[in-house]
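One file, upload.tsv, is given below (TSV, N, CA and C atoms and all ligand atoms).
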chain	number	residue	atom	x	y	z
A	1	MET	N	132.52	35.57	-14.57
A	1	MET	CA	131.17	35.23	-14.12
A	1	MET	C	131.27	34.23	-12.98
A	2	LEU	N	130.55	34.53	-11.93
A	2	LEU	CA	130.56	33.67	-10.75
A	2	LEU	C	129.54	32.55	-10.92
A	3	LEU	N	130.01	31.33	-10.82
A	3	LEU	CA	129.10	30.18	-10.92
A	3	LEU	C	128.79	29.68	-9.51
A	4	THR	N	127.53	29.59	-9.22
A	4	THR	CA	127.13	29.06	-7.91
A	4	THR	C	126.23	27.84	-8.12
A	5	LYS	N	126.35	26.94	-7.20
A	5	LYS	CA	125.52	25.74	-7.28
A	5	LYS	C	124.15	26.04	-6.68
A	6	PRO	N	123.10	25.59	-7.34
A	6	PRO	CA	121.79	25.74	-6.72
A	6	PRO	C	121.69	24.87	-5.47
A	7	LEU	N	120.79	25.25	-4.59
A	7	LEU	CA	120.64	24.53	-3.32
A	7	LEU	C	120.14	23.10	-3.50
A	8	THR	N	119.57	22.79	-4.62
A	8	THR	CA	118.90	21.50	-4.77
A	8	THR	C	119.73	20.45	-5.48
A	9	THR	N	120.97	20.71	-5.76
A	9	THR	CA	121.75	19.70	-6.46
A	9	THR	C	122.09	18.54	-5.52
A	10	ASN	N	122.28	17.40	-6.11
A	10	ASN	CA	122.63	16.23	-5.31
A	10	ASN	C	124.01	16.34	-4.70
A	11	SER	N	124.85	17.23	-5.21
A	11	SER	CA	126.20	17.37	-4.66
A	11	SER	C	126.23	18.29	-3.45
A	12	ASN	N	125.12	18.96	-3.17
A	12	ASN	CA	125.05	19.85	-2.01
A	12	ASN	C	125.03	18.99	-0.74
A	13	PRO	N	126.03	19.15	0.15
A	13	PRO	CA	126.06	18.29	1.35
A	13	PRO	C	124.86	18.49	2.27
A	14	GLU	N	124.35	19.70	2.34
A	14	GLU	CA	123.16	19.93	3.19
A	14	GLU	C	121.94	19.23	2.61
A	15	PHE	N	121.82	19.23	1.29
A	15	PHE	CA	120.72	18.53	0.63
A	15	PHE	C	120.79	17.04	0.96
A	16	LYS	N	122.00	16.48	0.83
A	16	LYS	CA	122.16	15.05	1.11
A	16	LYS	C	121.87	14.73	2.58
A	17	LYS	N	122.30	15.60	3.45
A	17	LYS	CA	122.07	15.42	4.89
A	17	LYS	C	120.58	15.44	5.20
A	18	ARG	N	119.87	16.42	4.63
A	18	ARG	CA	118.42	16.51	4.86
A	18	ARG	C	117.69	15.34	4.23
A	19	LEU	N	118.12	14.94	3.04
A	19	LEU	CA	117.47	13.81	2.38
A	19	LEU	C	117.65	12.53	3.19
A	20	ARG	N	118.88	12.29	3.66
A	20	ARG	CA	119.15	11.10	4.47
A	20	ARG	C	118.31	11.11	5.76
A	21	ALA	N	118.26	12.25	6.44
A	21	ALA	CA	117.49	12.35	7.68
A	21	ALA	C	116.00	12.11	7.43
A	22	THR	N	115.50	12.65	6.33
A	22	THR	CA	114.07	12.49	6.01
A	22	THR	C	113.76	11.05	5.66
A	23	VAL	N	114.62	10.42	4.88
A	23	VAL	CA	114.40	9.02	4.51
A	23	VAL	C	114.43	8.14	5.76
A	24	ILE	N	115.39	8.39	6.64
A	24	ILE	CA	115.48	7.60	7.87
A	24	ILE	C	114.24	7.82	8.73
A	25	LYS	N	113.82	9.08	8.87
A	25	LYS	CA	112.66	9.39	9.71
A	25	LYS	C	111.41	8.67	9.19
A	26	TYR	N	111.15	8.76	7.89
A	26	TYR	CA	109.94	8.13	7.37
A	26	TYR	C	110.06	6.61	7.29
A	27	SER	N	111.26	6.10	7.15
A	27	SER	CA	111.44	4.64	7.20
A	27	SER	C	111.09	4.11	8.57
A	28	VAL	N	111.55	4.82	9.61
A	28	VAL	CA	111.23	4.41	10.98
A	28	VAL	C	109.73	4.51	11.23
A	29	ILE	N	109.14	5.62	10.81
A	29	ILE	CA	107.69	5.81	11.01
A	29	ILE	C	106.91	4.70	10.30
A	30	LEU	N	107.27	4.41	9.06
A	30	LEU	CA	106.56	3.38	8.31
A	30	LEU	C	106.75	1.99	8.92
A	31	CYS	N	107.96	1.69	9.41
A	31	CYS	CA	108.20	0.39	10.04
A	31	CYS	C	107.38	0.25	11.32
A	32	VAL	N	107.37	1.28	12.13
A	32	VAL	CA	106.59	1.24	13.38
A	32	VAL	C	105.11	1.12	13.06
A	33	ALA	N	104.64	1.89	12.08
A	33	ALA	CA	103.22	1.83	11.70
A	33	ALA	C	102.87	0.45	11.15
A	34	ALA	N	103.75	-0.11	10.32
A	34	ALA	CA	103.49	-1.44	9.76
A	34	ALA	C	103.46	-2.49	10.86
A	35	ALA	N	104.39	-2.40	11.82
A	35	ALA	CA	104.42	-3.36	12.93
A	35	ALA	C	103.15	-3.24	13.76
A	36	TYR	N	102.72	-2.01	14.02
A	36	TYR	CA	101.49	-1.80	14.79
A	36	TYR	C	100.28	-2.33	14.02
A	37	LEU	N	100.25	-2.11	12.73
A	37	LEU	CA	99.14	-2.59	11.91
A	37	LEU	C	99.09	-4.12	11.88
A	38	VAL	N	100.24	-4.74	11.78
A	38	VAL	CA	100.29	-6.21	11.83
A	38	VAL	C	99.78	-6.69	13.19
A	39	PHE	N	100.19	-6.00	14.25
A	39	PHE	CA	99.72	-6.35	15.60
A	39	PHE	C	98.20	-6.25	15.67
A	40	VAL	N	97.65	-5.14	15.15
A	40	VAL	CA	96.19	-4.95	15.18
A	40	VAL	C	95.50	-6.03	14.36
A	41	LEU	N	96.05	-6.35	13.20
A	41	LEU	CA	95.43	-7.36	12.34
A	41	LEU	C	95.49	-8.75	12.97
A	42	CYS	N	96.58	-9.05	13.65
A	42	CYS	CA	96.75	-10.39	14.24
A	42	CYS	C	95.98	-10.56	15.54
A	43	THR	N	95.91	-9.51	16.33
A	43	THR	CA	95.29	-9.64	17.66
A	43	THR	C	93.89	-9.07	17.73
A	44	GLY	N	93.57	-8.16	16.80
A	44	GLY	CA	92.28	-7.48	16.87
A	44	GLY	C	92.25	-6.41	17.94
A	45	MET	N	93.40	-6.16	18.54
A	45	MET	CA	93.48	-5.14	19.59
A	45	MET	C	94.30	-3.96	19.08
A	46	GLY	N	93.98	-2.78	19.59
A	46	GLY	CA	94.74	-1.58	19.25
A	46	GLY	C	95.06	-0.82	20.52
A	47	ILE	N	95.82	0.22	20.37
A	47	ILE	CA	96.11	1.08	21.51
A	47	ILE	C	94.83	1.86	21.83
A	48	PRO	N	94.34	1.74	23.07
A	48	PRO	CA	93.09	2.46	23.38
A	48	PRO	C	93.30	3.96	23.37
A	49	CYS	N	92.25	4.66	22.99
A	49	CYS	CA	92.29	6.12	22.98
A	49	CYS	C	92.11	6.61	24.41
A	50	LEU	N	93.08	7.37	24.90
A	50	LEU	CA	93.01	7.87	26.28
A	50	LEU	C	91.84	8.82	26.47
A	51	PHE	N	91.53	9.62	25.45
A	51	PHE	CA	90.40	10.54	25.54
A	51	PHE	C	89.10	9.76	25.68
A	52	HIS	N	88.95	8.71	24.86
A	52	HIS	CA	87.74	7.89	24.92
A	52	HIS	C	87.67	7.12	26.22
A	53	GLU	N	88.81	6.60	26.67
A	53	GLU	CA	88.83	5.83	27.92
A	53	GLU	C	88.47	6.70	29.12
A	54	SER	N	88.89	7.96	29.10
A	54	SER	CA	88.65	8.81	30.26
A	54	SER	C	87.32	9.55	30.21
A	55	THR	N	86.79	9.81	29.01
A	55	THR	CA	85.55	10.58	28.92
A	55	THR	C	84.36	9.79	28.40
A	56	GLY	N	84.63	8.69	27.69
A	56	GLY	CA	83.55	7.96	27.04
A	56	GLY	C	83.15	8.56	25.71
A	57	LEU	N	83.77	9.67	25.35
A	57	LEU	CA	83.48	10.34	24.08
A	57	LEU	C	84.53	9.96	23.04
A	58	LYS	N	84.15	10.09	21.76
A	58	LYS	CA	85.09	9.80	20.69
A	58	LYS	C	85.84	11.07	20.31
A	59	CYS	N	87.15	10.94	20.14
A	59	CYS	CA	87.95	12.07	19.66
A	59	CYS	C	87.96	12.02	18.13
A	60	PRO	N	88.49	13.04	17.46
A	60	PRO	CA	88.52	13.02	15.99
A	60	PRO	C	89.32	11.84	15.41
A	61	GLY	N	90.23	11.27	16.19
A	61	GLY	CA	91.06	10.19	15.67
A	61	GLY	C	90.57	8.80	16.03
A	62	CYS	N	89.54	8.70	16.85
A	62	CYS	CA	89.05	7.38	17.23
A	62	CYS	C	88.63	6.60	15.99
A	63	GLY	N	89.08	5.35	15.91
A	63	GLY	CA	88.74	4.48	14.79
A	63	GLY	C	89.80	4.42	13.72
A	64	ILE	N	90.89	5.17	13.89
A	64	ILE	CA	91.90	5.19	12.83
A	64	ILE	C	92.60	3.84	12.69
A	65	SER	N	92.86	3.15	13.81
A	65	SER	CA	93.50	1.83	13.71
A	65	SER	C	92.60	0.86	12.95
A	66	ARG	N	91.32	0.86	13.30
A	66	ARG	CA	90.38	-0.04	12.60
A	66	ARG	C	90.21	0.39	11.15
A	67	MET	N	90.26	1.69	10.89
A	67	MET	CA	90.15	2.18	9.51
A	67	MET	C	91.33	1.68	8.68
A	68	LEU	N	92.55	1.82	9.23
A	68	LEU	CA	93.73	1.37	8.49
A	68	LEU	C	93.74	-0.15	8.31
A	69	ALA	N	93.31	-0.88	9.36
A	69	ALA	CA	93.25	-2.33	9.24
A	69	ALA	C	92.24	-2.74	8.16
A	70	SER	N	91.13	-2.02	8.08
A	70	SER	CA	90.15	-2.31	7.04
A	70	SER	C	90.70	-1.98	5.65
A	71	LEU	N	91.45	-0.90	5.55
A	71	LEU	CA	92.04	-0.54	4.25
A	71	LEU	C	93.03	-1.60	3.79
A	72	VAL	N	93.79	-2.15	4.74
A	72	VAL	CA	94.75	-3.21	4.38
A	72	VAL	C	94.01	-4.43	3.84
A	73	ARG	N	92.81	-4.68	4.37
A	73	ARG	CA	92.00	-5.81	3.90
A	73	ARG	C	91.14	-5.44	2.70
A	74	PHE	N	91.31	-4.22	2.17
A	74	PHE	CA	90.55	-3.69	1.03
A	74	PHE	C	89.06	-3.60	1.33
A	75	ASP	N	88.71	-3.48	2.60
A	75	ASP	CA	87.33	-3.28	3.01
A	75	ASP	C	87.10	-1.77	3.14
A	76	VAL	N	86.90	-1.13	2.00
A	76	VAL	CA	86.85	0.32	1.94
A	76	VAL	C	85.61	0.87	2.65
A	77	VAL	N	84.49	0.19	2.54
A	77	VAL	CA	83.26	0.68	3.17
A	77	VAL	C	83.42	0.72	4.69
A	78	SER	N	83.92	-0.36	5.28
A	78	SER	CA	84.14	-0.37	6.73
A	78	SER	C	85.16	0.68	7.12
A	79	ALA	N	86.22	0.82	6.32
A	79	ALA	CA	87.25	1.82	6.62
A	79	ALA	C	86.63	3.21	6.69
A	80	PHE	N	85.75	3.51	5.75
A	80	PHE	CA	85.10	4.82	5.75
A	80	PHE	C	84.31	5.03	7.03
A	81	TRP	N	83.53	4.06	7.44
A	81	TRP	CA	82.64	4.24	8.58
A	81	TRP	C	83.38	4.22	9.92
A	82	TYR	N	84.58	3.66	10.00
A	82	TYR	CA	85.34	3.72	11.25
A	82	TYR	C	85.78	5.15	11.55
A	83	ASN	N	86.13	5.91	10.52
A	83	ASN	CA	86.48	7.32	10.73
A	83	ASN	C	86.30	8.06	9.40
A	84	PRO	N	85.07	8.50	9.12
A	84	PRO	CA	84.80	9.16	7.84
A	84	PRO	C	85.65	10.41	7.61
A	85	PHE	N	85.94	11.13	8.67
A	85	PHE	CA	86.71	12.37	8.50
A	85	PHE	C	88.13	12.08	8.02
A	86	LEU	N	88.84	11.21	8.73
A	86	LEU	CA	90.22	10.91	8.33
A	86	LEU	C	90.28	10.10	7.04
A	87	PHE	N	89.24	9.32	6.80
A	87	PHE	CA	89.21	8.57	5.54
A	87	PHE	C	89.19	9.53	4.36
A	88	THR	N	88.40	10.60	4.46
A	88	THR	CA	88.27	11.52	3.33
A	88	THR	C	89.38	12.57	3.29
A	89	THR	N	89.86	13.00	4.45
A	89	THR	CA	90.87	14.06	4.44
A	89	THR	C	92.30	13.54	4.61
A	90	GLY	N	92.44	12.26	4.91
A	90	GLY	CA	93.77	11.68	5.09
A	90	GLY	C	94.69	11.88	3.90
A	91	PRO	N	94.20	11.63	2.68
A	91	PRO	CA	95.08	11.86	1.53
A	91	PRO	C	95.56	13.30	1.41
A	92	LEU	N	94.71	14.25	1.78
A	92	LEU	CA	95.12	15.66	1.75
A	92	LEU	C	96.22	15.92	2.78
A	93	ILE	N	96.07	15.34	3.96
A	93	ILE	CA	97.09	15.50	5.00
A	93	ILE	C	98.41	14.90	4.54
A	94	ILE	N	98.35	13.71	3.97
A	94	ILE	CA	99.57	13.05	3.49
A	94	ILE	C	100.23	13.88	2.38
A	95	ALA	N	99.42	14.40	1.45
A	95	ALA	CA	99.97	15.21	0.37
A	95	ALA	C	100.62	16.48	0.91
A	96	TYR	N	99.98	17.09	1.89
A	96	TYR	CA	100.53	18.31	2.48
A	96	TYR	C	101.87	18.01	3.16
A	97	LEU	N	101.89	16.94	3.96
A	97	LEU	CA	103.14	16.58	4.65
A	97	LEU	C	104.24	16.24	3.65
A	98	ALA	N	103.87	15.56	2.57
A	98	ALA	CA	104.86	15.22	1.54
A	98	ALA	C	105.43	16.49	0.91
A	99	CYS	N	104.57	17.46	0.64
A	99	CYS	CA	105.05	18.73	0.06
A	99	CYS	C	105.98	19.45	1.04
A	100	CYS	N	105.63	19.43	2.32
A	100	CYS	CA	106.49	20.06	3.33
A	100	CYS	C	107.85	19.39	3.36
A	101	GLU	N	107.86	18.07	3.33
A	101	GLU	CA	109.13	17.34	3.40
A	101	GLU	C	109.97	17.57	2.15
A	102	VAL	N	109.32	17.59	0.99
A	102	VAL	CA	110.07	17.85	-0.25
A	102	VAL	C	110.69	19.24	-0.20
A	103	LYS	N	109.92	20.20	0.27
A	103	LYS	CA	110.45	21.57	0.37
A	103	LYS	C	111.62	21.62	1.35
A	104	TYR	N	111.46	20.90	2.46
A	104	TYR	CA	112.54	20.87	3.45
A	104	TYR	C	113.80	20.25	2.86
A	105	VAL	N	113.66	19.12	2.19
A	105	VAL	CA	114.83	18.45	1.63
A	105	VAL	C	115.50	19.34	0.58
A	106	ARG	N	114.70	20.00	-0.25
A	106	ARG	CA	115.28	20.80	-1.33
A	106	ARG	C	115.87	22.12	-0.83
A	107	PHE	N	115.15	22.78	0.11
A	107	PHE	CA	115.56	24.14	0.47
A	107	PHE	C	115.88	24.33	1.95
A	108	GLY	N	115.65	23.31	2.77
A	108	GLY	CA	115.91	23.44	4.20
A	108	GLY	C	114.86	24.24	4.93
A	109	ASP	N	113.67	24.33	4.35
A	109	ASP	CA	112.61	25.17	4.92
A	109	ASP	C	111.28	24.41	4.79
A	110	ARG	N	110.56	24.32	5.90
A	110	ARG	CA	109.27	23.63	5.87
A	110	ARG	C	108.09	24.59	5.78
A	111	GLN	N	108.35	25.87	5.87
A	111	GLN	CA	107.25	26.84	5.84
A	111	GLN	C	106.54	26.77	4.49
A	112	MET	N	105.21	26.63	4.55
A	112	MET	CA	104.45	26.46	3.31
A	112	MET	C	103.68	27.73	2.94
A	113	GLY	N	103.94	28.82	3.64
A	113	GLY	CA	103.29	30.08	3.28
A	113	GLY	C	101.78	29.97	3.34
A	114	LYS	N	101.15	30.45	2.30
A	114	LYS	CA	99.68	30.48	2.29
A	114	LYS	C	99.06	29.09	2.30
A	115	TRP	N	99.82	28.07	1.91
A	115	TRP	CA	99.28	26.70	1.90
A	115	TRP	C	99.08	26.16	3.32
A	116	GLU	N	99.70	26.80	4.31
A	116	GLU	CA	99.50	26.36	5.69
A	116	GLU	C	98.06	26.51	6.13
A	117	ILE	N	97.30	27.34	5.44
A	117	ILE	CA	95.88	27.51	5.75
A	117	ILE	C	95.15	26.17	5.63
A	118	ILE	N	95.64	25.31	4.76
A	118	ILE	CA	95.00	23.99	4.58
A	118	ILE	C	95.00	23.23	5.90
A	119	MET	N	96.13	23.25	6.59
A	119	MET	CA	96.19	22.49	7.85
A	119	MET	C	95.40	23.17	8.96
A	120	TRP	N	95.30	24.48	8.94
A	120	TRP	CA	94.47	25.17	9.92
A	120	TRP	C	92.99	24.86	9.69
A	121	VAL	N	92.59	24.82	8.43
A	121	VAL	CA	91.21	24.43	8.11
A	121	VAL	C	90.99	22.97	8.50
A	122	GLU	N	91.97	22.13	8.24
A	122	GLU	CA	91.89	20.71	8.60
A	122	GLU	C	91.73	20.57	10.12
A	123	LEU	N	92.49	21.33	10.89
A	123	LEU	CA	92.39	21.29	12.34
A	123	LEU	C	91.01	21.75	12.81
A	124	ALA	N	90.51	22.82	12.23
A	124	ALA	CA	89.18	23.32	12.60
A	124	ALA	C	88.11	22.28	12.26
A	125	LEU	N	88.24	21.66	11.10
A	125	LEU	CA	87.27	20.63	10.71
A	125	LEU	C	87.38	19.40	11.63
A	126	ALA	N	88.59	19.06	12.04
A	126	ALA	CA	88.77	17.91	12.94
A	126	ALA	C	88.09	18.17	14.29
A	127	ILE	N	88.25	19.39	14.79
A	127	ILE	CA	87.59	19.74	16.06
A	127	ILE	C	86.08	19.69	15.89
A	128	ALA	N	85.58	20.25	14.80
A	128	ALA	CA	84.13	20.23	14.54
A	128	ALA	C	83.64	18.79	14.40
A	129	TYR	N	84.41	17.97	13.69
A	129	TYR	CA	84.04	16.56	13.53
A	129	TYR	C	84.03	15.85	14.89
A	130	GLY	N	85.04	16.14	15.72
A	130	GLY	CA	85.10	15.53	17.05
A	130	GLY	C	83.88	15.87	17.89
A	131	ILE	N	83.38	17.08	17.74
A	131	ILE	CA	82.18	17.48	18.49
A	131	ILE	C	80.95	16.82	17.88
A	132	LEU	N	80.83	16.93	16.56
A	132	LEU	CA	79.61	16.43	15.89
A	132	LEU	C	79.47	14.91	15.99
A	133	ARG	N	80.58	14.17	15.98
A	133	ARG	CA	80.45	12.71	16.03
A	133	ARG	C	79.95	12.23	17.40
A	134	ASN	N	80.05	13.10	18.41
A	134	ASN	CA	79.52	12.73	19.73
A	134	ASN	C	78.08	13.22	19.89
A	135	VAL	N	77.72	14.27	19.15
A	135	VAL	CA	76.35	14.77	19.20
A	135	VAL	C	75.44	13.90	18.34
A	136	PHE	N	75.94	13.57	17.15
A	136	PHE	CA	75.19	12.72	16.22
A	136	PHE	C	76.00	11.45	15.97
A	137	PRO	N	75.91	10.48	16.88
A	137	PRO	CA	76.75	9.27	16.74
A	137	PRO	C	76.52	8.56	15.41
A	138	ILE	N	77.63	8.30	14.71
A	138	ILE	CA	77.56	7.53	13.48
A	138	ILE	C	78.52	6.38	13.54
B	1	ZN	ZN	90.09	8.78	20.26
What is this structure when it is put down as structure tokens?
Ligand SMILES: [Zn+2]
Amino acid sequence: MLLTKPLTTNSNPEFKKRLRATVIKYSVILCVAAAYLVFVLCTGMGIPCLFHESTGLKCPGCGISRMLASLVRFDVVSAFWYNPFLFTTGPLIIAYLACCEVKYVRFGDRQMGKWEIIMWVELALAIAYGILRNVFPI
């Protein structure tokens, strides 16, 4: 009987390589995000939105820095009103990305099959939100 190791064992070198790369990638992202958030909290300034600066309109992501700064201060109401769309759908985006990364680390594949529809719906809703927030300013 031929014994084969499953792809997800800790002894699989590709698994370890993908896990190390993913941990490093998200550690860097979290450190940069934390440094930026500390900067925003200390100075009250954020990176200006190029879309807003050039058009005067709000993009779907406008207010995310203030939203995150409010969340750090546990000011949930203000966080919601800075960007209601990302406040409500952000956890779904994070969960989806986490599932993609777990699948990648375990199997070397990020394709989520039918679950990818979630991000396409999210993208469509973000575009709709970007239009509606300029038509009906909130
Ligand atoms: Zn913007």
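With all atoms listed in the file counted, the chains near ligand ZN 1 (chain B) contribute these residues within 5 Å: Cys49, His52, Lys58, Cys59, Gly61 and Cys62 of chain A.
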(request) Going by DSSP on the backbone, which bits of chain A are helix (DSSP H, G or I)? Write them as number ranges by chain, please. (result) A: 13-43, 50-55, 64-72, 76-82, 84-107, 113-135
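The neighbours of Glu122 (chain A) here are the residues that come within 10 Å of it, using only C-alpha atoms and leaving out any residue fewer than 5 positions away in the same chain; they are Phe85, Leu86, Thr89, Gly90, Leu92, Ile93, Glu116, Ile117, Ile127 and Ala128 of chain A.
When CA of Val28 (chain A) is paired with CA of Glu101 (chain A), their separation reads 15.1 Å.
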(request) Could you tell me which of A:Lys114, A:Lys17, A:Ser65, A:Ala126 comes closest to Ile47 (chain A) if we count all atoms listed in the file? (result) A:Ser65
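For the pair atom C of Val40 (chain A) and atom N of Ile64 (chain A), the separation is 12.1 Å.
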(request) Name the closest residue to Thr22 (chain A) among the candidates A:Phe136, A:Trp120, A:Tyr129, A:Tyr104; distances are taken between atoms, counting only C-alpha atoms. (result) A:Tyr104
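As for atom C of Phe87 (chain A) and atom N of Leu125 (chain A), they are spaced 13.9 Å apart.
Compared by their closest atoms to Gly108 (chain A), and using only C-alpha atoms, the residues A:Val77, A:Ser11, A:Gly56, A:Arg18 rank with A:Arg18 nearest.
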